[in-house]
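One file, structure_28.cif, carrying mmCIF, C-alpha atoms:
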```
data_protein
loop_
_atom_site.label_atom_id
_atom_site.label_comp_id
_atom_site.auth_asym_id
_atom_site.auth_seq_id
_atom_site.Cartn_x
_atom_site.Cartn_y
_atom_site.Cartn_z
CA MET U 13 33.93 -8.93 -3.88
CA PRO U 14 35.70 -12.08 -2.63
CA ASP U 15 34.87 -11.02 0.93
CA ILE U 16 31.21 -10.68 0.03
CA ALA U 17 31.15 -14.10 -1.61
CA ARG U 18 32.97 -15.65 1.35
CA THR U 19 30.46 -14.12 3.77
CA ALA U 20 27.54 -15.46 1.78
CA THR U 21 29.08 -18.93 1.61
CA GLN U 22 29.67 -18.96 5.35
CA PHE U 23 26.10 -17.90 5.99
CA ILE U 24 24.71 -20.89 4.12
CA VAL U 25 26.54 -23.13 6.57
CA LYS U 26 26.23 -20.96 9.65
CA PRO U 27 23.87 -18.02 10.19
CA VAL U 28 25.39 -14.56 10.22
CA VAL U 29 23.26 -13.72 13.23
CA PRO U 30 21.80 -15.91 15.96
CA ALA U 31 18.09 -16.60 15.92
CA GLU U 32 17.38 -14.19 18.76
CA PRO U 33 20.56 -12.46 19.90
CA SER U 34 20.96 -12.13 23.63
CA GLY U 35 20.09 -8.62 24.79
CA SER U 36 18.72 -7.67 21.39
CA SER U 37 15.36 -6.11 20.63
CA ARG U 38 15.03 -8.30 17.55
CA VAL U 39 12.57 -11.18 17.31
CA TRP U 40 13.42 -14.01 14.92
CA SER U 41 9.89 -14.48 13.61
CA VAL U 42 9.45 -10.76 12.88
CA ASP U 43 12.65 -10.63 10.84
CA ALA U 44 11.73 -13.82 8.97
CA LEU U 45 8.29 -12.45 8.10
CA ARG U 46 9.80 -9.14 6.99
CA GLY U 47 12.25 -11.06 4.79
CA LEU U 48 9.41 -13.02 3.21
CA VAL U 49 7.63 -9.75 2.48
CA MET U 50 10.74 -8.35 0.77
CA VAL U 51 11.02 -11.41 -1.46
CA ILE U 52 7.35 -11.24 -2.44
CA MET U 53 7.63 -7.51 -3.12
CA ALA U 54 10.39 -8.21 -5.64
CA LEU U 55 7.96 -10.42 -7.57
CA ASP U 56 5.55 -7.52 -8.06
CA HIS U 57 8.27 -5.21 -9.30
CA THR U 58 9.69 -7.89 -11.60
CA ARG U 59 6.24 -8.23 -13.13
CA ASP U 60 5.99 -4.45 -13.48
CA TYR U 61 9.18 -4.27 -15.50
CA LEU U 62 8.91 -7.43 -17.59
CA THR U 63 5.23 -7.91 -18.37
CA TYR U 64 3.71 -7.45 -21.81
CA VAL U 65 0.27 -6.98 -20.26
CA ARG U 66 -1.14 -3.52 -20.94
CA PHE U 67 -3.76 -3.52 -18.21
CA GLN U 68 -3.66 -3.74 -14.43
CA PRO U 69 -4.09 -7.24 -12.92
CA GLU U 70 -7.01 -5.87 -10.88
CA ASP U 71 -8.93 -5.01 -14.07
CA LEU U 72 -11.47 -7.84 -13.97
CA THR U 73 -12.65 -7.16 -17.52
CA HIS U 74 -9.27 -8.37 -18.82
CA SER U 75 -7.48 -10.16 -15.97
CA TYR U 76 -7.25 -13.88 -15.25
CA PRO U 77 -6.52 -15.80 -12.02
CA ALA U 78 -2.80 -16.49 -12.55
CA LEU U 79 -2.09 -12.83 -13.26
CA PHE U 80 -4.33 -11.54 -10.50
CA PHE U 81 -2.86 -13.78 -7.80
CA THR U 82 0.69 -12.89 -8.90
CA ARG U 83 -0.32 -9.35 -8.02
CA TRP U 84 -2.59 -10.19 -5.06
CA ILE U 85 0.04 -12.03 -3.02
CA THR U 86 2.13 -8.87 -3.09
CA HIS U 87 -0.71 -6.89 -1.47
CA PHE U 88 0.58 -8.21 1.85
CA CYS U 89 3.83 -6.28 1.48
CA ALA U 90 2.90 -2.65 2.17
CA PRO U 91 0.71 -3.37 5.23
CA LEU U 92 3.48 -5.44 6.76
CA PHE U 93 6.15 -2.84 5.96
CA PHE U 94 4.26 -0.30 8.04
CA PHE U 95 3.00 -2.68 10.71
CA LEU U 96 6.39 -4.27 11.38
CA ALA U 97 8.14 -0.89 11.30
CA GLY U 98 5.89 0.14 14.17
CA THR U 99 6.59 -3.13 15.96
CA GLY U 100 10.33 -2.60 15.55
CA ALA U 101 10.02 0.88 17.07
CA PHE U 102 8.29 -0.55 20.13
CA LEU U 103 10.93 -3.27 20.54
CA LEU U 104 13.61 -0.59 20.38
CA ARG U 105 11.81 1.32 23.11
CA SER U 106 11.55 -1.81 25.25
CA LYS U 107 15.28 -2.39 24.85
CA THR U 108 16.42 1.17 25.59
CA GLY U 109 13.68 2.15 28.03
CA SER U 110 13.71 5.63 26.49
CA VAL U 111 10.74 7.17 24.70
CA GLY U 112 12.90 10.15 23.75
CA ARG U 113 15.47 7.99 22.02
CA VAL U 114 12.78 6.15 20.03
CA ALA U 115 11.09 9.43 19.08
CA SER U 116 14.40 10.90 17.92
CA PHE U 117 15.19 7.78 15.90
CA LEU U 118 11.75 7.82 14.23
CA TRP U 119 11.99 11.51 13.31
CA THR U 120 15.50 11.31 11.90
CA ARG U 121 14.90 8.01 10.08
CA GLY U 122 11.65 9.38 8.69
CA LEU U 123 13.42 12.39 7.25
CA TRP U 124 16.15 10.12 5.88
CA LEU U 125 13.58 7.93 4.11
CA ILE U 126 11.83 10.94 2.57
CA ALA U 127 15.15 12.27 1.27
CA LEU U 128 16.06 8.82 -0.06
CA GLU U 129 12.71 8.52 -1.87
CA PHE U 130 13.18 11.81 -3.72
CA THR U 131 16.73 11.01 -4.82
CA VAL U 132 18.13 7.48 -5.02
CA ILE U 133 14.82 5.59 -5.12
CA ASP U 134 12.82 7.84 -7.44
CA PHE U 135 15.69 7.77 -9.94
CA ALA U 136 15.81 3.97 -9.80
CA TRP U 137 12.27 3.51 -11.10
CA GLY U 138 12.78 5.26 -14.44
CA PHE U 139 16.46 6.22 -14.54
CA GLN U 140 15.28 9.82 -14.51
CA PRO U 141 13.93 12.14 -11.79
CA TRP U 142 10.27 11.63 -10.83
CA HIS U 143 7.72 13.52 -8.77
CA PHE U 144 6.37 10.56 -6.89
CA GLY U 145 5.27 9.77 -3.33
CA GLY U 146 5.80 6.04 -3.04
CA VAL U 147 5.95 3.59 -0.15
CA ILE U 148 9.29 4.83 1.24
CA TRP U 149 8.05 8.43 1.22
CA SER U 150 4.93 7.39 3.13
CA LEU U 151 6.97 5.25 5.53
CA GLY U 152 9.07 8.28 6.31
CA PHE U 153 6.09 10.48 7.10
CA ALA U 154 4.45 7.70 9.11
CA MET U 155 7.61 7.44 11.24
CA ILE U 156 7.53 11.17 11.89
CA VAL U 157 3.89 10.88 12.96
CA LEU U 158 4.67 7.90 15.20
CA GLY U 159 7.61 9.85 16.63
CA ALA U 160 5.06 12.30 18.01
CA LEU U 161 2.53 9.66 19.07
CA VAL U 162 4.99 7.62 21.17
CA TRP U 163 4.74 10.24 23.92
CA LEU U 164 1.09 9.25 24.44
CA PRO U 165 -0.03 6.24 26.51
CA GLU U 166 -0.13 3.06 24.45
CA PRO U 167 -3.93 2.57 24.81
CA VAL U 168 -4.44 6.07 23.41
CA ILE U 169 -2.10 5.36 20.47
CA LEU U 170 -3.98 2.14 19.73
CA ALA U 171 -7.40 3.78 20.02
CA LEU U 172 -6.45 6.65 17.69
CA ALA U 173 -4.92 4.28 15.14
CA LEU U 174 -7.93 1.93 15.14
CA LEU U 175 -10.25 4.91 14.79
CA VAL U 176 -8.43 6.09 11.67
CA ILE U 177 -8.31 2.60 10.15
CA GLY U 178 -11.94 1.92 10.95
CA ALA U 179 -13.41 5.30 10.01
CA HIS U 180 -11.30 6.76 7.20
CA ASP U 181 -13.43 5.00 4.58
CA LEU U 182 -16.25 7.31 5.62
CA THR U 183 -14.36 10.16 3.94
CA ASP U 184 -13.83 8.42 0.59
CA SER U 185 -16.70 10.34 -1.01
CA VAL U 186 -15.19 13.73 -0.13
CA ARG U 187 -14.43 15.58 -3.37
CA LEU U 188 -11.21 17.57 -3.59
CA GLN U 189 -13.03 20.34 -5.46
CA SER U 190 -15.11 21.01 -2.34
CA LEU U 191 -12.08 21.51 -0.08
CA GLY U 192 -10.66 24.67 -1.62
CA ALA U 193 -7.22 25.58 -0.27
CA PHE U 194 -7.23 22.46 1.93
CA ALA U 195 -7.39 20.16 -1.13
CA PRO U 196 -3.61 19.66 -1.56
CA MET U 197 -3.15 18.73 2.09
CA TRP U 198 -6.11 16.34 2.02
CA SER U 199 -4.74 14.77 -1.13
CA VAL U 200 -1.42 14.03 0.57
CA LEU U 201 -3.14 12.72 3.70
CA HIS U 202 -5.82 10.52 2.19
CA ARG U 203 -6.12 10.59 -1.60
CA THR U 204 -4.10 8.66 -4.18
CA GLY U 205 -3.44 10.72 -7.29
CA VAL U 206 -1.91 13.99 -8.44
CA VAL U 207 -1.89 16.65 -5.72
CA PRO U 208 -3.97 19.62 -6.94
CA GLY U 209 -1.86 22.46 -8.27
CA THR U 210 1.27 20.30 -8.63
CA ASN U 211 2.68 17.48 -10.74
CA PHE U 212 3.42 15.40 -7.63
CA PHE U 213 1.73 11.99 -7.62
CA VAL U 214 0.90 10.41 -4.25
CA LEU U 215 0.58 6.63 -4.39
CA PHE U 216 0.61 5.97 -0.64
CA PRO U 217 -1.29 8.71 1.25
CA ILE U 218 -0.14 9.22 4.81
CA PHE U 219 -3.27 8.93 6.96
CA PRO U 220 -4.21 5.23 6.79
CA TRP U 221 -0.62 4.00 6.57
CA ALA U 222 0.54 5.98 9.60
CA ALA U 223 -2.34 4.37 11.50
CA VAL U 224 -1.14 0.90 10.46
CA MET U 225 2.33 1.70 11.79
CA ALA U 226 0.83 2.93 15.07
CA VAL U 227 -1.14 -0.32 15.47
CA GLY U 228 2.09 -2.23 14.85
CA TYR U 229 3.71 -0.19 17.59
CA ALA U 230 0.98 -1.12 20.07
CA PHE U 231 1.23 -4.75 18.92
CA GLY U 232 4.90 -4.81 19.90
CA ARG U 233 4.01 -5.24 23.58
CA ILE U 234 2.52 -8.65 22.76
CA LEU U 235 5.94 -9.84 21.61
CA LEU U 236 7.34 -9.23 25.09
CA ARG U 237 5.16 -12.00 26.48
CA ALA U 238 6.22 -15.62 26.85
CA LYS U 239 6.32 -17.44 23.53
CA ALA U 240 3.33 -19.70 24.09
CA GLN U 241 1.17 -16.83 25.28
CA ARG U 242 2.09 -14.44 22.48
CA GLN U 243 1.49 -17.16 19.91
CA ARG U 244 -2.04 -17.68 21.21
CA VAL U 245 -2.72 -13.95 21.13
CA MET U 246 -1.36 -13.57 17.61
CA LEU U 247 -3.44 -16.50 16.37
CA ALA U 248 -6.56 -15.07 17.99
CA LEU U 249 -5.99 -11.59 16.59
CA GLY U 250 -5.17 -12.91 13.14
CA ALA U 251 -8.16 -15.23 13.03
CA GLY U 252 -10.47 -12.49 14.31
CA ALA U 253 -9.31 -9.98 11.67
CA THR U 254 -9.60 -12.59 8.91
CA VAL U 255 -13.12 -13.62 9.92
CA LEU U 256 -14.19 -9.97 10.12
CA PHE U 257 -12.86 -9.41 6.61
CA LEU U 258 -14.75 -12.44 5.28
CA LEU U 259 -18.00 -11.25 6.83
CA LEU U 260 -17.67 -7.66 5.64
CA ARG U 261 -16.72 -8.69 2.13
CA ALA U 262 -19.28 -11.49 1.83
CA PHE U 263 -22.12 -9.04 2.45
CA ASN U 264 -20.50 -6.13 0.60
CA ALA U 265 -20.68 -4.25 3.88
CA TYR U 266 -18.69 -1.28 5.12
CA GLY U 267 -14.94 -1.01 4.61
CA ASN U 268 -14.31 -0.78 0.86
CA PRO U 269 -15.18 2.29 -1.22
CA PRO U 270 -17.77 2.07 -4.02
CA ALA U 271 -16.48 1.70 -7.57
CA GLY U 272 -15.05 4.91 -8.98
CA VAL U 273 -14.78 6.70 -5.63
CA ALA U 274 -11.13 5.99 -4.83
CA PHE U 275 -8.08 5.80 -7.13
CA ASN U 276 -8.85 2.37 -8.59
CA SER U 277 -11.64 1.08 -6.40
CA PRO U 278 -13.33 -2.10 -7.69
CA GLY U 279 -16.32 -1.58 -5.41
CA ALA U 280 -18.70 -4.40 -4.52
CA TRP U 281 -18.01 -7.94 -5.66
CA GLN U 282 -20.44 -10.18 -7.51
CA PRO U 283 -20.32 -13.71 -8.94
CA GLN U 284 -18.37 -14.06 -12.17
CA SER U 285 -18.54 -16.51 -15.06
CA THR U 286 -16.10 -18.96 -13.40
CA LEU U 287 -15.29 -19.94 -9.83
CA GLY U 288 -11.73 -18.67 -10.24
CA MET U 289 -12.85 -15.22 -11.34
CA THR U 290 -15.47 -15.12 -8.59
CA ILE U 291 -12.70 -15.63 -6.03
CA VAL U 292 -10.70 -12.93 -7.81
CA ALA U 293 -13.63 -10.50 -7.57
CA PHE U 294 -14.06 -11.32 -3.88
CA LEU U 295 -10.41 -10.56 -3.12
CA ASP U 296 -10.15 -7.47 -5.31
CA LEU U 297 -10.04 -4.64 -2.76
CA GLU U 298 -8.93 -1.01 -2.66
CA LYS U 299 -5.29 -0.50 -1.76
CA TYR U 300 -4.92 3.19 -2.70
CA PRO U 301 -5.70 4.30 -0.04
CA ALA U 302 -5.83 1.10 1.98
CA SER U 303 -9.43 0.33 2.86
CA LEU U 304 -10.49 -1.33 6.10
CA GLN U 305 -11.28 -4.57 4.30
CA PHE U 306 -7.93 -4.51 2.51
CA LEU U 307 -6.06 -4.18 5.81
CA LEU U 308 -8.10 -6.92 7.47
CA MET U 309 -7.49 -9.21 4.48
CA THR U 310 -3.71 -8.73 4.64
CA ILE U 311 -2.82 -8.18 8.29
CA GLY U 312 -5.14 -10.89 9.63
CA PRO U 313 -3.51 -13.84 7.81
CA SER U 314 -0.09 -12.27 8.37
CA LEU U 315 -0.53 -12.43 12.14
CA ILE U 316 -1.45 -16.09 11.83
CA LEU U 317 1.71 -16.70 9.81
CA LEU U 318 3.76 -14.74 12.34
CA ALA U 319 2.47 -17.00 15.11
CA LEU U 320 3.43 -20.07 13.09
CA LEU U 321 6.91 -18.71 12.37
CA ASP U 322 7.30 -18.01 16.07
CA ARG U 323 6.89 -21.75 16.70
CA VAL U 324 9.85 -22.71 14.50
CA SER U 325 12.50 -24.39 16.64
CA PRO U 326 16.08 -23.03 16.53
CA ALA U 327 18.48 -25.18 14.50
CA SER U 328 15.57 -27.20 13.06
CA THR U 329 15.48 -28.09 9.37
CA LEU U 330 12.77 -25.49 8.77
CA GLU U 331 14.74 -22.81 10.60
CA LYS U 332 17.76 -23.51 8.40
CA LEU U 333 15.63 -23.25 5.27
CA LEU U 334 14.26 -19.91 6.43
CA ARG U 335 17.65 -18.34 7.19
CA PRO U 336 17.87 -16.53 3.83
CA LEU U 337 14.61 -14.76 4.72
CA LEU U 338 16.21 -13.73 7.98
CA VAL U 339 19.05 -12.09 6.05
CA PHE U 340 16.69 -10.08 3.85
CA GLY U 341 14.52 -9.17 6.84
CA ARG U 342 17.42 -7.65 8.75
CA VAL U 343 18.56 -5.37 5.93
CA PRO U 344 15.19 -4.29 4.46
CA LEU U 345 16.12 -0.82 3.21
CA PHE U 346 19.39 -2.06 1.74
CA PHE U 347 17.43 -4.80 -0.06
CA TYR U 348 14.78 -2.34 -1.24
CA VAL U 349 17.18 0.07 -2.90
CA LEU U 350 19.27 -2.68 -4.50
CA HIS U 351 16.31 -4.65 -5.83
CA ILE U 352 14.87 -1.75 -7.85
CA TYR U 353 18.17 -1.03 -9.57
CA LEU U 354 18.82 -4.74 -10.15
CA ILE U 355 15.39 -5.59 -11.57
CA HIS U 356 15.34 -2.44 -13.71
CA SER U 357 18.79 -3.30 -15.08
CA LEU U 358 17.76 -6.91 -15.72
CA ALA U 359 14.75 -5.64 -17.68
CA VAL U 360 17.05 -3.58 -19.90
CA LEU U 361 19.39 -6.54 -20.45
CA MET U 362 16.45 -8.83 -21.22
CA ALA U 363 15.07 -6.36 -23.75
CA VAL U 364 18.44 -6.15 -25.51
CA ALA U 365 18.89 -9.93 -25.46
CA PHE U 366 15.43 -10.55 -26.94
CA HIS U 367 15.72 -7.68 -29.43
CA GLN U 368 12.88 -5.77 -27.82
CA PRO U 369 12.52 -1.98 -27.34
CA PHE U 370 14.63 -0.88 -24.38
CA GLN U 371 15.07 2.89 -24.70
CA TRP U 372 11.81 3.55 -22.86
CA LEU U 373 13.26 1.75 -19.81
CA LEU U 374 16.10 4.25 -19.73
CA HIS U 375 13.89 7.32 -20.02
CA GLY U 376 10.70 6.80 -18.08
CA ALA U 377 8.33 4.56 -16.23
CA PHE U 378 7.19 0.98 -16.43
CA PHE U 379 3.42 1.51 -16.19
CA ALA U 380 1.20 -0.68 -18.36
CA ASN U 381 -0.03 2.21 -20.50
CA ARG U 382 3.55 3.02 -21.55
CA ILE U 383 4.64 -0.44 -22.72
CA PRO U 384 5.73 -0.15 -26.38
CA ALA U 385 4.71 -2.64 -29.04
CA GLY U 386 6.90 -5.72 -29.12
CA TYR U 387 8.03 -5.48 -25.51
CA GLY U 388 7.52 -7.84 -22.61
CA HIS U 389 7.24 -11.43 -21.41
CA GLY U 390 4.70 -13.77 -19.89
CA LEU U 391 4.44 -14.97 -16.30
CA PRO U 392 6.88 -17.91 -16.67
CA MET U 393 9.68 -15.51 -17.59
CA VAL U 394 8.60 -13.09 -14.86
CA TYR U 395 8.92 -15.82 -12.22
CA THR U 396 12.26 -17.00 -13.63
CA VAL U 397 13.81 -13.54 -13.53
CA TRP U 398 12.34 -12.95 -10.06
CA LEU U 399 14.10 -16.05 -8.70
CA LEU U 400 17.33 -14.97 -10.40
CA ALA U 401 17.06 -11.53 -8.83
CA ILE U 402 16.53 -12.99 -5.35
CA ALA U 403 19.58 -15.24 -5.77
CA LEU U 404 21.71 -12.29 -6.89
CA LEU U 405 20.49 -10.11 -4.03
CA TYR U 406 21.33 -12.68 -1.40
CA VAL U 407 25.11 -12.21 -1.64
CA PRO U 408 25.27 -8.44 -0.97
CA CYS U 409 22.47 -8.67 1.62
CA ALA U 410 24.30 -11.44 3.51
CA TRP U 411 27.44 -9.33 3.45
CA PHE U 412 25.64 -6.25 4.77
CA ALA U 413 23.82 -8.26 7.45
CA ASN U 414 27.21 -9.45 8.64
CA VAL U 415 28.49 -5.86 8.67
CA LYS U 416 25.52 -4.78 10.77
CA GLN U 417 26.18 -7.57 13.26
CA ARG U 418 29.92 -6.91 13.59
CA ARG U 419 29.74 -3.12 13.73
CA ARG U 420 27.52 -1.04 15.96
CA SER U 421 27.87 2.26 14.11
CA TRP U 422 24.78 4.42 14.57
CA TRP U 423 24.25 5.00 10.84
CA LEU U 424 23.81 1.27 10.18
CA SER U 425 20.52 1.34 12.11
CA TYR U 426 19.07 3.53 9.34
CA PHE U 427 19.29 0.64 6.90
#
```

Mind converting the file's structure to structure tokens?
Amino acid sequence: MPDIARTATQFIVKPVVPAEPSGSSRVWSVDALRGLVMVIMALDHTRDYLTYVRFQPEDLTHSYPALFFTRWITHFCAPLFFFLAGTGAFLLRSKTGSVGRVASFLWTRGLWLIALEFTVIDFAWGFQPWHFGGVIWSLGFAMIVLGALVWLPEPVILALALLVIGAHDLTDSVRLQSLGAFAPMWSVLHRTGVVPGTNFFVLFPIFPWAAVMAVGYAFGRILLRAKAQRQRVMLALGAGATVLFLLLRAFNAYGNPPAGVAFNSPGAWQPQSTLGMTIVAFLDLEKYPASLQFLLMTIGPSLILLALLDRVSPASTLEKLLRPLLVFGRVPLFFYVLHIYLIHSLAVLMAVAFHQPFQWLLHGAFFANRIPAGYGHGLPMVYTVWLLAIALLYVPCAWFANVKQRRRSWWLSYF
């Protein structure tokens, strides 16, 4: 433990890793953005465990702006997990010059993530085994899919991925009952919910998310360009996607399923009683599965932010302030596993300290419909515990980032 603390202290003064290591496939701005995503993700899970609210923030009949936007900002996480994972795969290919090596890495890491989801991660959510296909499960399958796609020409990969993202909403009205024996497979590929004939719940279906990863892979080539040029391209792509989202959503056009069709689809938006709730309704889009409008709303602004991060000068004041994000962004899986166990444990400790029911946290889930009477906290406490969790996570993540820099063992690349 003293070594971990010493490493973290040294990092505050001097970064564990250089901004863009010579000969590395890493890009500083990509790691910083990934780190920001990890931090924001932890906010959503802190809210899940600590809230007293017994409805989903997207439920406009009960929600309010502060709650909705605490949830909404975390919508950027999953799209960027998949998008940047694809980008990282391309950068690895550009470094090694070997499609075979990248394909092998994607297949083996995909299988590793699936195994991790069904063991260490699933147990973390409820401290008991689950039957749950979450984001890590879907990431694993998406990597296996990309491991096959990388053998195709990049324009073909991009075209196929954009076709899936742009057209999969056309299939939202397909009813599982009409698919017969194909229903379980379709449920895993495109439908959020319980897979027919099983007790396995799919939260992140594979089809749209694998397409997002494939687009991220094609995007990786842009990062090989000179900084000024790639920044212009990223800004243009981000602005274009954002404007397209605004137009599609403003006119309730194509790209978001009608209410009741998908898992929790809000459908078309309409003016509400206040300006704040009208904005909430406008931004309330279908994530399960990710609709076209949802992906445009999240990836578009993210590309703009990536371009801005890419402009940060090395050793500048802003770069120094962003270094903790760099740490988290370079050990994303390590952070992910630790943060669930930490936040879940903090929820139990908080319940005991405030004399609230805690047994349910040891034997089950944290969904709103399972919150017992007398449990939970408001948003101020949620944000306080979130910041505490991030501070606590920094020390082990800084230590592990240092380990990954000093040692080149093959297994470290899987974290």

Extending 3 Å beyond the listed atoms of segment 133-150 of chain U on each side, what axis-aligned box results? I want centre and edge lengths in Å to one decimal, as lines of an AutoDock Vina configuration file.
```
center_x = 10.7
center_y = 8.5
center_z = -5.7
size_x = 17.5
size_y = 16.0
size_z = 23.7
```

Just say which residues the PyMOL selection byres ((chain U and resi 379-395) around 9) picks in this file, as a list in words.
Leu55, Thr58, Arg59, Asp60, Tyr61, Leu62, Thr63, Tyr64, Val65, Arg66, Phe67, Gln68, Ala78, Leu79, Thr82, Ala363, His367, Gln368, Pro369, Phe370, Trp372, Gly376, Ala377, Phe378, Thr396, Val397, Trp398, Leu399 and Leu400 of chain U

Go through the shown structure with the PyMOL selection byres ((chain U and resi 294-308) around 7) and write out the matching residues as a PyMOL selection string.
chain U and resi 70+91+177-178+181+202-204+215-217+220+253-254+257+267-268+275-278+281+290-293+309-312

One residue among U:Pro344, U:Pro313, U:Pro77, U:Gly152 is nearest to Leu128 of chain U when using only C-alpha atoms, and that residue is U:Gly152

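Here the question is which of U:Val157, U:Leu315, U:Trp142, U:Leu373 gets nearest to Ser357 of chain U using all atoms listed in the file, and that residue is U:Leu373.
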
Between atom CA of Leu118 of chain U and atom CA of Gly159 of chain U, distance in Å (one decimal)
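Between atom CA of Leu118 of chain U and atom CA of Gly159 of chain U the gap is 5.2 Å.
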
Quick check, in Å to one decimal: how far apart do atom CA of Leu158 of chain U and atom CA of Val42 of chain U lie?
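Atom-to-atom, atom CA of Leu158 of chain U to atom CA of Val42 of chain U, that is 19.4 Å.
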
Around (4.3, -3.0, 12.5), as given in the file, which residues come within 8 Å? Count all atoms listed in the file and list them as a ChimeraX atom specification.
/U:92-100,224-229,231-232

Nearest to Ile126 of chain U among U:Leu175, U:Leu333, U:Ile156, U:Leu103, with distances taken over only C-alpha atoms: which residue is it?
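Nearest to Ile126 of chain U: U:Ile156.
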
Give me, please, the distance in Å between atom CA of His356 of chain U and atom CA of Ile52 of chain U, quoted to one decimal.
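Computing it gives 16.4 Å between the two atoms.
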
Name the residues captured by the PyMOL selection byres ((chain U and resi 153) around 9) when it is applied to the shown file; answer as a PyMOL selection string.
chain U and resi 119+122-123+125-126+148-152+154-158+218+222

Of the listed residues U:Ser185, U:Thr286, U:Ser116, U:Gln241, that which approaches Pro269 of chain U most closely, counting all atoms listed in the file
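Closest to Pro269 of chain U, using all atoms listed in the file: U:Ser185.
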
Considering all atoms listed in the file, can you say which of U:Ala230, U:Leu188, U:Met53, U:Ala195 comes closest to Val168 of chain U?
U:Ala230
